[in-house]
Amino acid sequence: MIPARFEYYRPKDIAGVLSILEEHGDDARVMAGGHSLIPMMKLRMADVPHLIDLQDVGGMSDVEISAAGIRIGAMVTQHDIIDNEALASVAPILREAALQIADPQVRYMGTVGGNVANGDPGNDMPGLMQCLDATFTVIGADGEREIPARAFYEAAYMTAREDEEVLTAVTVPIPKGGYAYEKQKRKIGDYATAAAAVQIVKEGGSCVSASIAMTNLSDIPIYSEAAGAALVGTSVDDAAIRTAMEAMLGDIDPTEDNRGPVAFKKHVAGVILRRAIERAWSRA
Amino acid sequence: MGKKQHYSITVNGKEEEFLTEPRELLIYTLRERLNITGPHIGCDTSHCGACTVTIDGKSVKACTMFVAQANGKDVTTIEGLGGPDDLHPLQTAFKEHHGLQCGYCTPGMITRATKLLEENPDPTEEEIRFGMAGNICRCTGYQNIVKSIQAAAAEMNAAKEAAE
Ligand code: FES
Ligand code: FES
């Protein structure tokens with residue numbers, strides 16, 4: 001498969017990126033690892049007359065951990081996430097999720113920024129970042145602004161980022177309590193049939209806070225506030241988990257596709273959420 | 001738009017210079033322009049890993065990288081790992097342990113495995129299966145691929161110890 005012709009740019013800094021975006025508007029796209037965009041270009045489902053490769057733009061490949069939170073540069077790859085011991089010790093859910101994304105080759109190339117910015121409902125990081133209440137930093141001609149992950153996604157491939165803006169970093173508050181990222185997929189490299197990200201805080205045998213987000217069960221990731229609330233104040237027993245599952249099923253809106261009919265996806269979503277809650281609770 | 005550009009890529013230690021369009025996929029650059037036909041095209045959709053090469057220390061599917069992205073980089077293919085007279089320990093192990101049948105997936109398998117063993121010189125069977133999950137083989141059922149990689153790891157570790 002051969003993509004349509006494009007003009008290729010490899011600017012050395014963000015100013016260079018922004019000026020190309022300014023000049024070409026939505027005819028230009030930025031690319032990090034390219035493992036979402038290139039397959040789409042090969043299929044000619046994405047038309048990118050001006051392709052901006054971010055590989056030479058510095059300052060976006062670091063993970064900084066402080067008491068205030070974790071700042072992950074947009075060019076940090078899934079492989080980097082898995083490989084980073086300090087990160088895995090403060091936020092183990094990131095490694096657990098990254099290990100379930102794609103395959104080893106793709107994880108060397110695939111970046112956190114690309115995964116969250118693309119707006120593909122199948123990507124795992126958006127739901128994960130909603131669970132963790134992350135904030136995305138985008139930069140444009142007028143400077144930087146911060147957008148909460150929970151307010152970033154509008155529809156499939158539609159996000160709060162403007163065409164002339166670039167997502168540069170993801171900031172995550174240090175997660176507390178037990179965690180789990182649970183994903184059902186048909187095969188290695190597939191997107192989720194259903195996936196759940198869960199963080200639970202336990203005090204004196206009962207749940208004091210719970211955050212739950214679901215992946216690939218709507219055209220955007222679903223942060224289910226109601227599902228989390230259903231666990232708070234309980235001992236996360238079977239009844240509480242069932243209430244959380246019901247609440248989650250009220251928030252998702254899956255469609256039928258080659259991963260199965262709607263009823264099946266809802267069933268799998270329930271199973272996956274139950275497993276994720278049980279595992280997170282056992283670690284809390 | 002997309003006019004031919006001058007590119008320079010080091011492949012298996014040799015600098016290659018040529019003119020082409022940025023949209024050319026690296027796998028075609030290697031196979032059709034440079035006649036380096038070890039990396040294969042199995043799927044052309046980043047699933048099978050037959051096209052795996054090593055670029056700047058990463059295992060990369062060459063069907064999912066534009067030549068423009070690889071400009072200025074160091075690429076290693078199966079041809080750079082060993083030849084008929086000086087097989088890489090992984091090549092020897094695949095040969096001895098029936099790690100291949102038709103051989104189509106093998107260059108990608110071995111290229112990926114070199115990187116896996118670099119990162120984890122003594123992997124468990126589970127770690128091998130996980131680390132090789134981006135490479136598909138339709139012949140062997142994987143059992144002998146795992147065995148071959150284990151044998152190569154043992155061989156390489158013994159050689160390293162002997163050298164120390
Ligand atoms: S040909 Fe590249 S992954 Fe199959
Ligand atoms: S040996 Fe035939 S595809 Fe692997």
# chains A, B, ... in the order shown; residues from 1 in each chain; ligands from 1
>>> residues_around(residues="Ile2 (chain A)", least_positions_apart="5", cutoff="8 Å", atoms="only C-alpha atoms", output="MDAnalysis selection string")
(chainID A and resid 42:43) or (chainID B and resid 23:25)
>>> residues_near_ligand(ligand="ligand 1", cutoff="7 Å", atoms="only C-alpha atoms and all ligand atoms", output="VMD selection string")
chain B and resid 40 to 52 61 to 64
>>> interface_residues(of="chain A", to="chain B", cutoff="10 Å", atoms="only C-alpha atoms", output="JSON list (two decimals) with C-alpha atoms, in the first residue's frame")
[["chain", "number", "residue", "atom", "x", "y", "z"],
["A", 1, "MET", "CA", 0.00, 0.00, 0.00],
["A", 2, "ILE", "CA", 1.32, 3.38, -0.98],
["A", 3, "PRO", "CA", 0.05, 6.57, 0.62],
["A", 4, "ALA", "CA", -0.76, 9.74, -1.31],
["A", 5, "ARG", "CA", 2.05, 12.23, -1.83],
["A", 6, "PHE", "CA", 2.92, 14.60, 0.96],
["A", 7, "GLU", "CA", 5.40, 17.26, 1.87],
["A", 8, "TYR", "CA", 7.58, 16.11, 4.78],
["A", 9, "TYR", "CA", 8.93, 18.38, 7.52],
["A", 10, "ARG", "CA", 11.21, 17.62, 10.43],
["A", 33, "GLY", "CA", 5.74, 7.37, 16.19],
["A", 34, "GLY", "CA", 3.33, 7.28, 13.26],
["A", 35, "HIS", "CA", 1.82, 3.92, 14.15],
["A", 36, "SER", "CA", -1.73, 5.30, 14.12],
["A", 37, "LEU", "CA", -1.30, 7.77, 11.29],
["A", 38, "ILE", "CA", 0.84, 5.83, 8.81],
["A", 39, "PRO", "CA", -1.55, 2.85, 8.51],
["A", 40, "MET", "CA", -4.39, 5.33, 7.92],
["A", 41, "MET", "CA", -2.34, 7.13, 5.28],
["A", 42, "LYS", "CA", -1.48, 3.84, 3.59],
["A", 43, "LEU", "CA", -5.16, 2.96, 3.43],
["A", 49, "PRO", "CA", -0.62, 16.90, 2.38],
["A", 50, "HIS", "CA", 1.84, 18.30, 4.96],
["A", 51, "LEU", "CA", 3.32, 15.83, 7.39],
["A", 53, "ASP", "CA", 7.55, 14.63, 12.00],
["A", 54, "LEU", "CA", 8.17, 15.55, 15.66],
["A", 55, "GLN", "CA", 11.23, 13.32, 16.15],
["A", 79, "HIS", "CA", 8.33, 1.14, 25.74],
["A", 99, "LEU", "CA", 2.11, -3.77, 28.49],
["A", 102, "ALA", "CA", -0.14, -3.39, 20.70],
["A", 103, "ASP", "CA", 3.07, -5.44, 20.48],
["A", 104, "PRO", "CA", 6.76, -4.89, 21.27],
["A", 105, "GLN", "CA", 7.68, -3.30, 17.94],
["A", 106, "VAL", "CA", 4.75, -0.91, 18.05],
["A", 107, "ARG", "CA", 5.49, 0.01, 21.68],
["A", 108, "TYR", "CA", 8.98, 1.24, 20.72],
["A", 109, "MET", "CA", 7.36, 3.74, 18.37],
["A", 187, "LYS", "CA", -5.47, -11.09, 19.69],
["A", 188, "ILE", "CA", -2.15, -9.36, 20.31],
["A", 189, "GLY", "CA", -2.18, -5.95, 18.71],
["A", 190, "ASP", "CA", -5.94, -5.66, 18.66]]
>>> select_by_dssp(residues="region 37-283 of chain A", states="helix (DSSP H, G or I)", output="compact mmCIF listing (two decimals) with C-alpha atoms, in the first residue's frame")
# COMPACT_ATOMS: atom_id res chain seq x y z
CA LEU A 37 -1.30 7.77 11.29
CA ILE A 38 0.84 5.83 8.81
CA PRO A 39 -1.55 2.85 8.51
CA MET A 40 -4.39 5.33 7.92
CA MET A 41 -2.34 7.13 5.28
CA LYS A 42 -1.48 3.84 3.59
CA GLN A 78 4.98 2.95 25.58
CA HIS A 79 8.33 1.14 25.74
CA ASP A 80 9.77 4.00 27.83
CA ILE A 81 6.79 3.77 30.19
CA ILE A 82 7.33 0.03 30.68
CA ASP A 83 11.07 0.50 31.12
CA GLU A 85 11.23 1.70 37.21
CA ALA A 86 10.68 4.94 39.11
CA LEU A 87 7.48 5.54 37.20
CA ALA A 88 6.28 1.98 37.73
CA SER A 89 6.79 2.34 41.46
CA VAL A 90 4.71 5.53 41.81
CA PRO A 92 2.14 1.01 38.40
CA ILE A 93 -1.12 1.22 36.44
CA LEU A 94 0.77 3.00 33.64
CA ARG A 95 3.09 0.03 33.11
CA GLU A 96 0.25 -2.46 33.49
CA ALA A 97 -1.70 -0.66 30.75
CA ALA A 98 1.26 -0.05 28.45
CA PRO A 104 6.76 -4.89 21.27
CA GLN A 105 7.68 -3.30 17.94
CA VAL A 106 4.75 -0.91 18.05
CA ARG A 107 5.49 0.01 21.68
CA TYR A 108 8.98 1.24 20.72
CA MET A 109 7.36 3.74 18.37
CA VAL A 112 1.80 8.63 25.02
CA GLY A 113 1.07 11.92 23.25
CA GLY A 114 -0.01 10.24 20.05
CA ASN A 115 -2.16 7.75 21.91
CA VAL A 116 -4.06 10.41 23.85
CA ALA A 117 -4.20 13.10 21.14
CA MET A 125 -4.32 5.78 27.19
CA PRO A 126 -7.33 8.14 26.95
CA GLY A 127 -9.49 6.08 29.31
CA LEU A 128 -6.50 5.45 31.56
CA MET A 129 -5.78 9.18 31.74
CA GLN A 130 -9.41 9.91 32.55
CA CYS A 131 -9.26 7.37 35.38
CA ALA A 149 -8.47 14.48 30.15
CA ARG A 150 -12.06 14.11 31.29
CA ALA A 151 -13.09 17.10 29.11
CA GLU A 225 -18.34 8.80 37.87
CA ALA A 226 -21.44 6.84 38.91
CA ALA A 227 -19.58 3.52 38.82
CA GLY A 228 -16.86 4.90 41.09
CA ALA A 229 -19.43 6.45 43.44
CA ALA A 230 -21.20 3.08 43.73
CA LEU A 231 -18.13 1.64 45.46
CA ASP A 238 -20.45 -8.48 45.42
CA ALA A 239 -23.49 -6.21 45.79
CA ALA A 240 -21.36 -3.06 45.47
CA ILE A 241 -19.55 -4.42 42.42
CA ARG A 242 -22.88 -5.25 40.79
CA THR A 243 -24.13 -1.71 41.43
CA ALA A 244 -20.93 -0.30 39.92
CA MET A 245 -21.31 -2.56 36.88
CA GLU A 246 -24.92 -1.41 36.40
CA ALA A 247 -23.86 2.22 36.69
CA MET A 248 -21.06 1.71 34.16
CA LEU A 249 -23.43 -0.01 31.73
CA GLY A 250 -25.66 3.06 31.92
CA ASP A 251 -22.77 5.28 30.83
CA VAL A 262 -23.85 -4.70 21.46
CA ALA A 263 -25.15 -7.25 23.98
CA PHE A 264 -21.82 -9.11 23.87
CA LYS A 265 -19.81 -5.94 24.37
CA LYS A 266 -21.91 -4.99 27.37
CA HIS A 267 -21.42 -8.45 28.80
CA VAL A 268 -17.66 -8.26 28.31
CA ALA A 269 -17.57 -4.72 29.73
CA GLY A 270 -19.20 -6.04 32.92
CA VAL A 271 -16.83 -8.98 33.23
CA ILE A 272 -13.79 -6.80 32.64
CA LEU A 273 -14.90 -4.15 35.09
CA ARG A 274 -15.57 -6.76 37.76
CA ARG A 275 -12.10 -8.24 37.29
CA ALA A 276 -10.50 -4.79 37.37
CA ILE A 277 -12.33 -3.77 40.54
CA GLU A 278 -11.51 -7.03 42.29
CA ARG A 279 -7.85 -6.81 41.36
CA ALA A 280 -7.55 -3.12 42.28
CA TRP A 281 -9.28 -3.79 45.60
CA SER A 282 -6.96 -6.68 46.39
CA ARG A 283 -4.03 -4.33 45.85
>>> select_by_dssp(residues="region 163-277 of chain A", states="strand (DSSP E)", output="PDB file with N, CA, C and O atoms, in the first residue's frame")
ATOM      1  N   VAL A 166      -0.532  21.704  19.381  1.00  0.00           N
ATOM      2  CA  VAL A 166       0.181  20.440  19.536  1.00  0.00           C
ATOM      3  C   VAL A 166       0.114  20.025  20.999  1.00  0.00           C
ATOM      4  O   VAL A 166       0.323  20.856  21.886  1.00  0.00           O
ATOM      5  N   LEU A 167      -0.192  18.765  21.229  1.00  0.00           N
ATOM      6  CA  LEU A 167      -0.190  18.256  22.604  1.00  0.00           C
ATOM      7  C   LEU A 167       1.254  17.953  22.989  1.00  0.00           C
ATOM      8  O   LEU A 167       1.937  17.197  22.289  1.00  0.00           O
ATOM      9  N   THR A 168       1.734  18.564  24.075  1.00  0.00           N
ATOM     10  CA  THR A 168       3.153  18.433  24.417  1.00  0.00           C
ATOM     11  C   THR A 168       3.414  17.589  25.654  1.00  0.00           C
ATOM     12  O   THR A 168       4.520  17.070  25.827  1.00  0.00           O
ATOM     13  N   ALA A 169       2.442  17.497  26.558  1.00  0.00           N
ATOM     14  CA  ALA A 169       2.694  16.737  27.786  1.00  0.00           C
ATOM     15  C   ALA A 169       1.395  16.285  28.434  1.00  0.00           C
ATOM     16  O   ALA A 169       0.329  16.842  28.171  1.00  0.00           O
ATOM     17  N   VAL A 170       1.542  15.260  29.257  1.00  0.00           N
ATOM     18  CA  VAL A 170       0.425  14.742  30.048  1.00  0.00           C
ATOM     19  C   VAL A 170       0.868  14.804  31.503  1.00  0.00           C
ATOM     20  O   VAL A 170       1.950  14.332  31.836  1.00  0.00           O
ATOM     21  N   THR A 171       0.053  15.408  32.344  1.00  0.00           N
ATOM     22  CA  THR A 171       0.397  15.490  33.769  1.00  0.00           C
ATOM     23  C   THR A 171      -0.612  14.698  34.575  1.00  0.00           C
ATOM     24  O   THR A 171      -1.823  14.862  34.397  1.00  0.00           O
ATOM     25  N   VAL A 172      -0.091  13.821  35.419  1.00  0.00           N
ATOM     26  CA  VAL A 172      -0.943  12.905  36.176  1.00  0.00           C
ATOM     27  C   VAL A 172      -0.693  13.128  37.665  1.00  0.00           C
ATOM     28  O   VAL A 172       0.455  13.093  38.100  1.00  0.00           O
ATOM     29  N   GLY A 178      -5.124   1.043  45.339  1.00  0.00           N
ATOM     30  CA  GLY A 178      -4.965  -0.114  44.460  1.00  0.00           C
ATOM     31  C   GLY A 178      -5.345   0.249  43.028  1.00  0.00           C
ATOM     32  O   GLY A 178      -6.091   1.179  42.782  1.00  0.00           O
ATOM     33  N   TYR A 179      -4.822  -0.534  42.091  1.00  0.00           N
ATOM     34  CA  TYR A 179      -5.011  -0.200  40.680  1.00  0.00           C
ATOM     35  C   TYR A 179      -5.229  -1.466  39.863  1.00  0.00           C
ATOM     36  O   TYR A 179      -4.826  -2.561  40.267  1.00  0.00           O
ATOM     37  N   ALA A 180      -5.822  -1.311  38.717  1.00  0.00           N
ATOM     38  CA  ALA A 180      -5.841  -2.397  37.730  1.00  0.00           C
ATOM     39  C   ALA A 180      -6.197  -1.833  36.364  1.00  0.00           C
ATOM     40  O   ALA A 180      -7.040  -0.938  36.248  1.00  0.00           O
ATOM     41  N   TYR A 181      -5.495  -2.330  35.349  1.00  0.00           N
ATOM     42  CA  TYR A 181      -5.915  -2.077  33.972  1.00  0.00           C
ATOM     43  C   TYR A 181      -6.222  -3.433  33.360  1.00  0.00           C
ATOM     44  O   TYR A 181      -5.348  -4.290  33.231  1.00  0.00           O
ATOM     45  N   GLU A 182      -7.457  -3.647  33.034  1.00  0.00           N
ATOM     46  CA  GLU A 182      -7.911  -4.952  32.555  1.00  0.00           C
ATOM     47  C   GLU A 182      -8.423  -4.770  31.126  1.00  0.00           C
ATOM     48  O   GLU A 182      -9.176  -3.836  30.840  1.00  0.00           O
ATOM     49  N   LYS A 183      -7.994  -5.659  30.231  1.00  0.00           N
ATOM     50  CA  LYS A 183      -8.350  -5.473  28.820  1.00  0.00           C
ATOM     51  C   LYS A 183      -8.679  -6.816  28.188  1.00  0.00           C
ATOM     52  O   LYS A 183      -7.922  -7.781  28.346  1.00  0.00           O
ATOM     53  N   GLN A 184      -9.783  -6.867  27.501  1.00  0.00           N
ATOM     54  CA  GLN A 184     -10.124  -8.043  26.706  1.00  0.00           C
ATOM     55  C   GLN A 184      -9.895  -7.699  25.239  1.00  0.00           C
ATOM     56  O   GLN A 184     -10.430  -6.722  24.724  1.00  0.00           O
ATOM     57  N   LYS A 185      -9.070  -8.500  24.572  1.00  0.00           N
ATOM     58  CA  LYS A 185      -8.855  -8.263  23.138  1.00  0.00           C
ATOM     59  C   LYS A 185      -8.838  -9.595  22.428  1.00  0.00           C
ATOM     60  O   LYS A 185      -8.614 -10.639  23.060  1.00  0.00           O
ATOM     61  N   ALA A 192      -9.161  -3.029  22.264  1.00  0.00           N
ATOM     62  CA  ALA A 192      -9.970  -3.705  23.267  1.00  0.00           C
ATOM     63  C   ALA A 192     -11.374  -3.996  22.738  1.00  0.00           C
ATOM     64  O   ALA A 192     -11.963  -3.181  22.037  1.00  0.00           O
ATOM     65  N   THR A 193     -11.896  -5.178  23.092  1.00  0.00           N
ATOM     66  CA  THR A 193     -13.342  -5.385  23.001  1.00  0.00           C
ATOM     67  C   THR A 193     -13.955  -4.583  24.142  1.00  0.00           C
ATOM     68  O   THR A 193     -14.970  -3.918  23.968  1.00  0.00           O
ATOM     69  N   ALA A 194     -13.285  -4.648  25.285  1.00  0.00           N
ATOM     70  CA  ALA A 194     -13.618  -3.796  26.426  1.00  0.00           C
ATOM     71  C   ALA A 194     -12.378  -3.704  27.297  1.00  0.00           C
ATOM     72  O   ALA A 194     -11.638  -4.670  27.418  1.00  0.00           O
ATOM     73  N   ALA A 195     -12.161  -2.526  27.878  1.00  0.00           N
ATOM     74  CA  ALA A 195     -11.066  -2.381  28.840  1.00  0.00           C
ATOM     75  C   ALA A 195     -11.522  -1.449  29.953  1.00  0.00           C
ATOM     76  O   ALA A 195     -12.346  -0.566  29.734  1.00  0.00           O
ATOM     77  N   ALA A 196     -10.953  -1.698  31.140  1.00  0.00           N
ATOM     78  CA  ALA A 196     -11.322  -0.887  32.297  1.00  0.00           C
ATOM     79  C   ALA A 196     -10.070  -0.463  33.059  1.00  0.00           C
ATOM     80  O   ALA A 196      -9.166  -1.263  33.277  1.00  0.00           O
ATOM     81  N   ALA A 197     -10.045   0.810  33.450  1.00  0.00           N
ATOM     82  CA  ALA A 197      -8.985   1.336  34.315  1.00  0.00           C
ATOM     83  C   ALA A 197      -9.621   1.672  35.655  1.00  0.00           C
ATOM     84  O   ALA A 197     -10.635   2.366  35.700  1.00  0.00           O
ATOM     85  N   VAL A 198      -9.015   1.153  36.715  1.00  0.00           N
ATOM     86  CA  VAL A 198      -9.590   1.353  38.053  1.00  0.00           C
ATOM     87  C   VAL A 198      -8.502   1.732  39.052  1.00  0.00           C
ATOM     88  O   VAL A 198      -7.441   1.101  39.089  1.00  0.00           O
ATOM     89  N   GLN A 199      -8.760   2.768  39.845  1.00  0.00           N
ATOM     90  CA  GLN A 199      -7.936   3.106  41.004  1.00  0.00           C
ATOM     91  C   GLN A 199      -8.873   3.167  42.210  1.00  0.00           C
ATOM     92  O   GLN A 199      -9.916   3.827  42.156  1.00  0.00           O
ATOM     93  N   ILE A 200      -8.524   2.478  43.284  1.00  0.00           N
ATOM     94  CA  ILE A 200      -9.384   2.443  44.474  1.00  0.00           C
ATOM     95  C   ILE A 200      -8.575   2.740  45.729  1.00  0.00           C
ATOM     96  O   ILE A 200      -7.486   2.185  45.908  1.00  0.00           O
ATOM     97  N   VAL A 201      -9.107   3.600  46.584  1.00  0.00           N
ATOM     98  CA  VAL A 201      -8.455   3.853  47.870  1.00  0.00           C
ATOM     99  C   VAL A 201      -9.289   3.223  48.978  1.00  0.00           C
ATOM    100  O   VAL A 201     -10.504   3.392  49.039  1.00  0.00           O
ATOM    101  N   LYS A 202      -8.575   2.465  49.843  1.00  0.00           N
ATOM    102  CA  LYS A 202      -9.232   1.728  50.927  1.00  0.00           C
ATOM    103  C   LYS A 202      -8.763   2.299  52.262  1.00  0.00           C
ATOM    104  O   LYS A 202      -7.577   2.564  52.436  1.00  0.00           O
ATOM    105  N   GLU A 203      -9.711   2.498  53.161  1.00  0.00           N
ATOM    106  CA  GLU A 203      -9.338   2.908  54.524  1.00  0.00           C
ATOM    107  C   GLU A 203     -10.187   2.128  55.499  1.00  0.00           C
ATOM    108  O   GLU A 203     -11.416   2.160  55.404  1.00  0.00           O
ATOM    109  N   SER A 206     -12.977  -0.116  54.189  1.00  0.00           N
ATOM    110  CA  SER A 206     -13.986   0.331  53.223  1.00  0.00           C
ATOM    111  C   SER A 206     -13.384   1.284  52.190  1.00  0.00           C
ATOM    112  O   SER A 206     -12.304   1.867  52.383  1.00  0.00           O
ATOM    113  N   CYS A 207     -14.086   1.395  51.091  1.00  0.00           N
ATOM    114  CA  CYS A 207     -13.591   2.179  49.955  1.00  0.00           C
ATOM    115  C   CYS A 207     -13.896   3.656  50.194  1.00  0.00           C
ATOM    116  O   CYS A 207     -15.039   4.018  50.439  1.00  0.00           O
ATOM    117  N   VAL A 208     -12.847   4.495  50.139  1.00  0.00           N
ATOM    118  CA  VAL A 208     -13.094   5.928  50.344  1.00  0.00           C
ATOM    119  C   VAL A 208     -13.088   6.710  49.029  1.00  0.00           C
ATOM    120  O   VAL A 208     -13.637   7.813  48.952  1.00  0.00           O
ATOM    121  N   SER A 209     -12.476   6.135  47.998  1.00  0.00           N
ATOM    122  CA  SER A 209     -12.633   6.769  46.688  1.00  0.00           C
ATOM    123  C   SER A 209     -12.333   5.744  45.605  1.00  0.00           C
ATOM    124  O   SER A 209     -11.561   4.798  45.818  1.00  0.00           O
ATOM    125  N   ALA A 210     -12.992   5.920  44.477  1.00  0.00           N
ATOM    126  CA  ALA A 210     -12.784   4.992  43.373  1.00  0.00           C
ATOM    127  C   ALA A 210     -12.956   5.751  42.070  1.00  0.00           C
ATOM    128  O   ALA A 210     -13.849   6.590  41.940  1.00  0.00           O
ATOM    129  N   SER A 211     -12.061   5.473  41.139  1.00  0.00           N
ATOM    130  CA  SER A 211     -12.127   6.125  39.835  1.00  0.00           C
ATOM    131  C   SER A 211     -12.145   5.038  38.765  1.00  0.00           C
ATOM    132  O   SER A 211     -11.315   4.125  38.780  1.00  0.00           O
ATOM    133  N   ILE A 212     -13.116   5.140  37.853  1.00  0.00           N
ATOM    134  CA  ILE A 212     -13.311   4.084  36.861  1.00  0.00           C
ATOM    135  C   ILE A 212     -13.484   4.694  35.475  1.00  0.00           C
ATOM    136  O   ILE A 212     -14.288   5.611  35.283  1.00  0.00           O
ATOM    137  N   ALA A 213     -12.712   4.193  34.495  1.00  0.00           N
ATOM    138  CA  ALA A 213     -12.913   4.636  33.111  1.00  0.00           C
ATOM    139  C   ALA A 213     -12.858   3.424  32.184  1.00  0.00           C
ATOM    140  O   ALA A 213     -12.139   2.457  32.443  1.00  0.00           O
ATOM    141  N   MET A 214     -13.628   3.487  31.119  1.00  0.00           N
ATOM    142  CA  MET A 214     -13.785   2.361  30.199  1.00  0.00           C
ATOM    143  C   MET A 214     -13.281   2.752  28.799  1.00  0.00           C
ATOM    144  O   MET A 214     -13.447   3.894  28.362  1.00  0.00           O
ATOM    145  N   THR A 215     -12.751   1.765  28.086  1.00  0.00           N
ATOM    146  CA  THR A 215     -12.183   2.017  26.749  1.00  0.00           C
ATOM    147  C   THR A 215     -12.900   1.218  25.656  1.00  0.00           C
ATOM    148  O   THR A 215     -13.221   0.043  25.851  1.00  0.00           O
ATOM    149  N   ILE A 222     -14.910   6.525  28.356  1.00  0.00           N
ATOM    150  CA  ILE A 222     -15.985   6.851  29.300  1.00  0.00           C
ATOM    151  C   ILE A 222     -15.469   6.832  30.728  1.00  0.00           C
ATOM    152  O   ILE A 222     -15.104   5.780  31.266  1.00  0.00           O
ATOM    153  N   TYR A 223     -15.420   8.027  31.333  1.00  0.00           N
ATOM    154  CA  TYR A 223     -15.151   8.125  32.762  1.00  0.00           C
ATOM    155  C   TYR A 223     -16.496   7.958  33.448  1.00  0.00           C
ATOM    156  O   TYR A 223     -17.397   8.780  33.263  1.00  0.00           O
TER     157      TYR A 223
END
>>> residues_near_ligand(ligand="ligand 2", cutoff="7 Å", atoms="only C-alpha atoms and all ligand atoms", output="list in words")
Leu100, Gln101, Cys102, Gly103, Tyr104, Cys105, Thr106, Ile136, Cys137, Arg138, Cys139 and Thr140 of chain B
>>> write_last_selection(atoms="N, CA and C atoms", output="compact mmCIF listing (two decimals), in the first residue's frame")
# COMPACT_ATOMS: atom_id res chain seq x y z
N LEU B 100 12.34 -22.85 12.04
CA LEU B 100 11.67 -22.36 10.85
C LEU B 100 11.19 -23.52 9.98
N GLN B 101 10.16 -23.26 9.23
CA GLN B 101 9.72 -24.23 8.22
C GLN B 101 9.82 -23.57 6.85
N CYS B 102 8.86 -22.71 6.51
CA CYS B 102 8.98 -22.04 5.20
C CYS B 102 10.02 -20.94 5.23
N GLY B 103 10.27 -20.38 6.42
CA GLY B 103 11.30 -19.36 6.55
C GLY B 103 10.86 -17.94 6.29
N TYR B 104 9.59 -17.78 5.98
CA TYR B 104 9.16 -16.42 5.59
C TYR B 104 9.24 -15.45 6.75
N CYS B 105 8.85 -15.91 7.93
CA CYS B 105 8.84 -15.02 9.10
C CYS B 105 10.22 -14.87 9.73
N THR B 106 11.16 -15.76 9.33
CA THR B 106 12.40 -15.95 10.09
C THR B 106 13.30 -14.71 10.18
N ILE B 136 4.53 -12.89 13.74
CA ILE B 136 3.61 -14.01 13.52
C ILE B 136 4.29 -15.05 12.62
N CYS B 137 4.09 -16.32 12.96
CA CYS B 137 4.59 -17.42 12.14
C CYS B 137 3.40 -18.32 11.84
N ARG B 138 3.21 -18.67 10.56
CA ARG B 138 2.07 -19.54 10.29
C ARG B 138 2.46 -21.00 10.15
N CYS B 139 3.72 -21.32 10.32
CA CYS B 139 4.14 -22.71 10.16
C CYS B 139 4.42 -23.43 11.47
N THR B 140 5.25 -22.85 12.29
CA THR B 140 5.91 -23.65 13.33
C THR B 140 5.10 -23.89 14.59
>>> residues_around(residues="Lys95 (chain B)", least_positions_apart="3", cutoff="12 Å", atoms="only C-alpha atoms", output="VMD selection string")
chain B and resid 84 87 to 92 98 to 101 103 106 110 144 to 145 147 to 149 151 to 152
>>> atom_distance(atom1="CA of Gln143 (chain B)", atom2="CA of His97 (chain B)")
9.9 Å
